[in-house]
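Chemist: Structure below; questions to follow.
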Amino acid sequence: MRVLVTGGAGYIGSHAVKRLDEGGHDVVAVDNLCLGHRDAVAKHIPFYETDIREKDEMVRIMKEHGIECVMHFAAFSQVGESVGDPLKYYDNNTYGSKCLIQAMDEAGVKKLVFSSTCATYGEPEEVPISETCPQSPINPYGWSKLFVERMLKDYAAANEDFAYSALRYFNVAGSAADGTIGEDHDPETHIIPVILNTALGKRDAITIFGEDYETPDGTCIRDYIHVEDLVDAHVVVMEALQAGDERYYNLGIGNGLSVKQIVDAAKKVTAIDFEVKKGERRAGDPPMLFANPSKIKREIGWEAKYTDVEKIIETAWGWFKANPDGYDDK
Ligand SMILES: NC(=O)c1ccc[n+]([C@@H]2O[C@H](COP(=O)([O-])OP(=O)(O)OC[C@H]3O[C@@H](n4cnc5c(N)ncnc54)[C@H](O)[C@@H]3O)[C@@H](O)[C@H]2O)c1
């Protein structure tokens with residue numbers, strides 16, 4: 001299939017580009033490089049430094065390459081920043097997606113796989129979280145994504161031949177097993193890279209925010225999915241999409257791990273006894289978030305291959321050790 005990947009130079013988008021290319025698809029990457037890295041995309045892949053809000057240019061690219069499906073990763077995703085600057089999130093994530101859907105409409109592209117998030121569930125009433133759990137975000141980031149889900153639903157209702165999937169990710173982690181690409185965010189807010197930067201000596205210590213939650217060891221529990229599993233799911237979902245389909249799936253491994261368990265696993269993998277500090281709880285951190293991933297398995301037979309967090313951390317550690325300063329293109 002001919003696939004356009006937005007945010008193709010970002011962490012997850014670059015792994016999607018690689019997976020699509022290796023899977024025999026014709027892939028085109030678009031990224032405005034506000035956060036992404038040109039070096040994360042192999043040189044033989046057609047690459048456009050374009051903003052998804054530049055609708056006419058997006059239409060031109062889609063037509064030139066005869067695009068059949070879009071995988072849409074381009075967005076901002078820092079929860080704290082979204083609270084301080086909500087309009088930045090509604091502009092890029094919500095309005096940006098509207099421009100993209102409009103460009104697809106004009107270019108006649110009928111399939112879309114959208115990066116949604118477990119942040120659309122807010123503080124869930126039940127854990128593990130299934131797709132039918134009520135969605136009630138607790139920050140502008142979550143809302144900016146939920147509005148896109150709604151926009152897609154309404155657009156699909158008005159366009160019978162359109163097909164889409166919204167994939168609600170839990171915590172994405174790890175790097176390509178072959179070591180070619182990895183994670184390089186600035187600032188870095190995700191726990192596994194923050195821990196590994198601490199192990200590398202780039203940070204003094206890792207702080208655990210809250211040790212008095214109602215969880216077995218008192219620290220927050222989250223669900224970690226390997227980035228290669230995540231992008232594999234995107235490709236399998238894309239290949240399953242038929243005209244008129246509307247598919248929502250949670251992407252996690254369905255097993256919650258506490259912050260302390262992640263710290264212990266990272267100490268074991270790195271063999272480094274880095275410093276761990278105690279911090280206060282952060283506002284809006286639910287004690288437990290993990291997926292019920294049974295729907296995607298039941299409907300299209302997909303499940304994650306990486307179920308051992310040490311293996312996930314090993315791939316990330318391989319990348320961080322080889323690239324302590326991230327990509328060279330800064
Ligand atoms: N990383 C996670 O754990 C996680 C969890 C849930 C959902 N998500 C979602 O997955 C997607 C990818 O996340 P990521 O961690 O790879 O982020 P990332 O910041 O590494 O990648 C996003 C990419 O999009 C590009 N971009 C942003 N706005 C753009 C625009 N207007 N036009 C063109 N390019 C633009 C950035 O330059 C960057 O390369 C995001 O939509 C995010 O909300 C990520």
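Every chain in the structure tokens takes a letter, A first, then B, and so on in the order presented; its residues are numbered from 1, and the ligands are numbered from 1 following the presented order.
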Just asking: which residues within stretch 102-280 of chain A are strand (DSSP E) according to DSSP, as a ChimeraX atom specification?
Modeler: /A:111-117,163-169,171-173,205-209,221-222,224-226,246-251,257-258,275-279
Chemist: Export N, CA and C atoms of the chosen residues as a short mmCIF file (atom, residue, chain, number, x, y, z; two decimals), in the first residue's frame?
Modeler:
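Saved as result24.cif:
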```
data_model
loop_
_atom_site.label_atom_id
_atom_site.label_comp_id
_atom_site.auth_asym_id
_atom_site.auth_seq_id
_atom_site.Cartn_x
_atom_site.Cartn_y
_atom_site.Cartn_z
N LYS A 111 -8.25 6.12 3.75
CA LYS A 111 -7.94 5.37 4.98
C LYS A 111 -7.02 6.19 5.89
N LEU A 112 -7.30 6.10 7.19
CA LEU A 112 -6.46 6.82 8.16
C LEU A 112 -6.29 5.98 9.43
N VAL A 113 -5.05 5.93 9.93
CA VAL A 113 -4.79 5.32 11.24
C VAL A 113 -4.29 6.46 12.13
N PHE A 114 -5.01 6.71 13.20
CA PHE A 114 -4.77 7.89 14.03
C PHE A 114 -4.18 7.51 15.39
N SER A 115 -3.11 8.26 15.80
CA SER A 115 -2.49 8.12 17.12
C SER A 115 -3.36 8.76 18.16
N SER A 116 -4.17 7.99 18.85
CA SER A 116 -4.88 8.55 19.99
C SER A 116 -4.13 8.13 21.25
N THR A 117 -4.75 8.24 22.39
CA THR A 117 -3.99 8.06 23.63
C THR A 117 -4.91 7.60 24.76
N ALA A 163 -12.49 4.90 5.84
CA ALA A 163 -12.25 3.91 6.90
C ALA A 163 -11.16 4.45 7.80
N TYR A 164 -11.32 4.29 9.11
CA TYR A 164 -10.28 4.78 10.00
C TYR A 164 -10.19 3.93 11.26
N SER A 165 -9.05 4.09 11.91
CA SER A 165 -8.87 3.47 13.22
C SER A 165 -8.22 4.48 14.15
N ALA A 166 -8.72 4.58 15.37
CA ALA A 166 -8.08 5.40 16.40
C ALA A 166 -7.46 4.43 17.39
N LEU A 167 -6.13 4.53 17.52
CA LEU A 167 -5.40 3.61 18.40
C LEU A 167 -5.00 4.37 19.66
N ARG A 168 -5.48 3.88 20.79
CA ARG A 168 -5.23 4.59 22.06
C ARG A 168 -4.07 3.93 22.77
N TYR A 169 -2.93 4.64 22.69
CA TYR A 169 -1.70 4.03 23.24
C TYR A 169 -1.60 4.26 24.74
N ASN A 171 1.84 3.56 27.60
CA ASN A 171 3.20 4.13 27.57
C ASN A 171 4.06 3.39 26.55
N VAL A 172 4.57 4.14 25.59
CA VAL A 172 5.36 3.54 24.52
C VAL A 172 6.84 3.62 24.93
N ALA A 173 7.57 2.53 24.71
CA ALA A 173 8.96 2.49 25.18
C ALA A 173 9.81 1.61 24.27
N ALA A 205 19.79 12.14 39.39
CA ALA A 205 18.97 11.13 40.07
C ALA A 205 17.62 11.05 39.38
N ILE A 206 16.92 9.98 39.66
CA ILE A 206 15.54 9.86 39.18
C ILE A 206 14.62 10.05 40.40
N THR A 207 13.56 10.83 40.20
CA THR A 207 12.63 11.08 41.31
C THR A 207 11.36 10.26 41.10
N ILE A 208 10.96 9.55 42.15
CA ILE A 208 9.68 8.83 42.11
C ILE A 208 8.63 9.74 42.74
N PHE A 209 7.62 10.10 41.94
CA PHE A 209 6.60 11.04 42.42
C PHE A 209 5.47 10.28 43.11
N ILE A 221 1.18 2.68 38.78
CA ILE A 221 1.28 1.54 37.86
C ILE A 221 0.86 1.96 36.45
N ARG A 222 1.70 1.60 35.47
CA ARG A 222 1.43 1.93 34.07
C ARG A 222 1.68 0.71 33.19
N TYR A 224 3.42 -0.64 29.70
CA TYR A 224 4.50 -0.28 28.77
C TYR A 224 4.46 -1.18 27.54
N ILE A 225 4.32 -0.56 26.38
CA ILE A 225 4.29 -1.33 25.13
C ILE A 225 5.53 -0.95 24.29
N HIS A 226 6.16 -1.99 23.71
CA HIS A 226 7.36 -1.72 22.91
C HIS A 226 6.98 -1.02 21.61
N GLU A 246 -14.72 1.53 11.25
CA GLU A 246 -14.44 2.50 12.31
C GLU A 246 -13.91 1.64 13.45
N ARG A 247 -12.61 1.64 13.66
CA ARG A 247 -12.04 0.70 14.66
C ARG A 247 -11.31 1.46 15.74
N TYR A 248 -11.63 1.13 16.97
CA TYR A 248 -10.97 1.72 18.14
C TYR A 248 -10.28 0.61 18.90
N TYR A 249 -8.99 0.77 19.14
CA TYR A 249 -8.28 -0.25 19.93
C TYR A 249 -7.36 0.38 20.95
N ASN A 250 -7.30 -0.25 22.12
CA ASN A 250 -6.28 0.11 23.11
C ASN A 250 -5.01 -0.64 22.76
N LEU A 251 -3.87 0.06 22.82
CA LEU A 251 -2.59 -0.62 22.57
C LEU A 251 -1.72 -0.56 23.82
N LEU A 257 2.86 -2.23 35.47
CA LEU A 257 4.12 -2.29 36.23
C LEU A 257 4.27 -1.00 37.02
N SER A 258 4.75 -1.13 38.25
CA SER A 258 4.90 0.06 39.09
C SER A 258 6.19 0.79 38.73
N GLU A 275 21.07 6.88 41.49
CA GLU A 275 20.36 7.41 42.66
C GLU A 275 18.86 7.58 42.39
N VAL A 276 18.06 7.21 43.37
CA VAL A 276 16.60 7.34 43.26
C VAL A 276 16.13 8.22 44.41
N LYS A 277 15.37 9.30 44.10
CA LYS A 277 14.89 10.21 45.14
C LYS A 277 13.38 10.06 45.30
N LYS A 278 12.91 10.41 46.50
CA LYS A 278 11.47 10.41 46.76
C LYS A 278 10.91 11.79 46.47
N GLY A 279 9.79 11.86 45.74
CA GLY A 279 9.15 13.15 45.50
C GLY A 279 7.68 13.09 45.89
#
```
Chemist: Could you list the protein, DNA and RNA residues that have any atom within 7 Å of ligand 1, counting only C-alpha atoms and all ligand atoms, and write them as a ChimeraX atom specification?
Modeler: /A:6-13,30-37,50-53,73-77,92,96,115-118,168-173,185
Chemist: Would you export the selected residues with C-alpha atoms as an mmCIF file, in the first residue's frame, please?
Modeler:
```cif
data_model
loop_
_atom_site.group_PDB
_atom_site.id
_atom_site.type_symbol
_atom_site.label_atom_id
_atom_site.label_comp_id
_atom_site.auth_asym_id
_atom_site.auth_seq_id
_atom_site.Cartn_x
_atom_site.Cartn_y
_atom_site.Cartn_z
ATOM 1 C CA THR A 6 2.852 12.338 9.436
ATOM 2 C CA GLY A 7 5.351 12.991 12.227
ATOM 3 C CA GLY A 8 7.560 10.497 10.385
ATOM 4 C CA ALA A 9 10.754 11.904 11.918
ATOM 5 C CA GLY A 10 9.449 11.564 15.482
ATOM 6 C CA TYR A 11 9.976 8.679 17.880
ATOM 7 C CA ILE A 12 7.002 6.491 16.966
ATOM 8 C CA GLY A 13 6.575 7.822 13.412
ATOM 9 C CA VAL A 30 6.135 14.248 6.376
ATOM 10 C CA ASP A 31 7.427 16.162 9.388
ATOM 11 C CA ASN A 32 7.949 19.863 10.073
ATOM 12 C CA LEU A 33 10.954 18.895 12.252
ATOM 13 C CA CYS A 34 9.732 21.062 15.151
ATOM 14 C CA LEU A 35 10.545 18.085 17.389
ATOM 15 C CA GLY A 36 11.639 15.348 14.999
ATOM 16 C CA HIS A 37 15.010 14.331 13.586
ATOM 17 C CA THR A 50 6.132 20.221 5.744
ATOM 18 C CA ASP A 51 3.588 21.198 8.372
ATOM 19 C CA ILE A 52 0.349 19.176 8.295
ATOM 20 C CA ARG A 53 -1.565 22.463 8.497
ATOM 21 C CA PHE A 73 1.475 10.696 14.407
ATOM 22 C CA ALA A 74 2.244 14.443 14.107
ATOM 23 C CA ALA A 75 1.225 16.157 17.346
ATOM 24 C CA PHE A 76 2.404 17.683 20.595
ATOM 25 C CA SER A 77 2.104 15.312 23.543
ATOM 26 C CA ASN A 92 -1.528 21.589 16.304
ATOM 27 C CA GLY A 96 -3.856 20.201 12.410
ATOM 28 C CA SER A 115 -2.487 8.117 17.124
ATOM 29 C CA SER A 116 -4.879 8.554 19.988
ATOM 30 C CA THR A 117 -3.993 8.057 23.629
ATOM 31 C CA CYS A 118 -5.079 6.517 26.919
ATOM 32 C CA ARG A 168 -5.234 4.593 22.060
ATOM 33 C CA TYR A 169 -1.701 4.032 23.240
ATOM 34 C CA PHE A 170 -0.521 3.466 26.770
ATOM 35 C CA ASN A 171 3.199 4.126 27.571
ATOM 36 C CA VAL A 172 5.365 3.538 24.522
ATOM 37 C CA ALA A 173 8.963 2.495 25.180
ATOM 38 C CA HIS A 185 12.830 13.860 22.902
#
```
Chemist: Which neighbours of stretch 291-300 of chain A fall inside 7 Å, counting only C-alpha atoms, when residues of the same chain fewer than 6 positions from it are skipped, and could you give them as a ChimeraX atom specification?
Modeler: /A:128-130,223,249-254
Chemist: Based on the selection just made, write N, CA and C atoms of those residues as a PDB file, in the first residue's frame.
Modeler:
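So the final result, stored in result-v3.pdb, reads:
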```
ATOM      1  N   PRO A 128      -8.390  -3.148  34.419  1.00  0.00           N
ATOM      2  CA  PRO A 128      -7.885  -2.690  33.128  1.00  0.00           C
ATOM      3  C   PRO A 128      -8.941  -1.947  32.303  1.00  0.00           C
ATOM      4  N   ILE A 129      -8.419  -1.049  31.467  1.00  0.00           N
ATOM      5  CA  ILE A 129      -9.274  -0.156  30.693  1.00  0.00           C
ATOM      6  C   ILE A 129      -9.629  -0.803  29.361  1.00  0.00           C
ATOM      7  N   SER A 130     -10.940  -0.931  29.126  1.00  0.00           N
ATOM      8  CA  SER A 130     -11.358  -1.443  27.815  1.00  0.00           C
ATOM      9  C   SER A 130     -11.849  -0.262  26.971  1.00  0.00           C
ATOM     10  N   ASP A 223       1.251   0.829  31.935  1.00  0.00           N
ATOM     11  CA  ASP A 223       1.348  -0.268  30.972  1.00  0.00           C
ATOM     12  C   ASP A 223       2.365   0.143  29.900  1.00  0.00           C
ATOM     13  N   TYR A 249      -8.987   0.772  19.145  1.00  0.00           N
ATOM     14  CA  TYR A 249      -8.280  -0.249  19.925  1.00  0.00           C
ATOM     15  C   TYR A 249      -7.357   0.384  20.951  1.00  0.00           C
ATOM     16  N   ASN A 250      -7.302  -0.245  22.122  1.00  0.00           N
ATOM     17  CA  ASN A 250      -6.282   0.107  23.110  1.00  0.00           C
ATOM     18  C   ASN A 250      -5.009  -0.643  22.755  1.00  0.00           C
ATOM     19  N   LEU A 251      -3.871   0.059  22.818  1.00  0.00           N
ATOM     20  CA  LEU A 251      -2.594  -0.622  22.568  1.00  0.00           C
ATOM     21  C   LEU A 251      -1.724  -0.558  23.822  1.00  0.00           C
ATOM     22  N   GLY A 252      -1.714  -1.676  24.526  1.00  0.00           N
ATOM     23  CA  GLY A 252      -0.875  -1.847  25.710  1.00  0.00           C
ATOM     24  C   GLY A 252      -0.627  -3.342  25.808  1.00  0.00           C
ATOM     25  N   ILE A 253       0.134  -3.770  26.822  1.00  0.00           N
ATOM     26  CA  ILE A 253       0.322  -5.225  26.913  1.00  0.00           C
ATOM     27  C   ILE A 253      -0.659  -5.852  27.901  1.00  0.00           C
ATOM     28  N   GLY A 254      -1.399  -4.982  28.624  1.00  0.00           N
ATOM     29  CA  GLY A 254      -2.414  -5.513  29.522  1.00  0.00           C
ATOM     30  C   GLY A 254      -1.862  -5.930  30.872  1.00  0.00           C
TER      31      GLY A 254
END
```
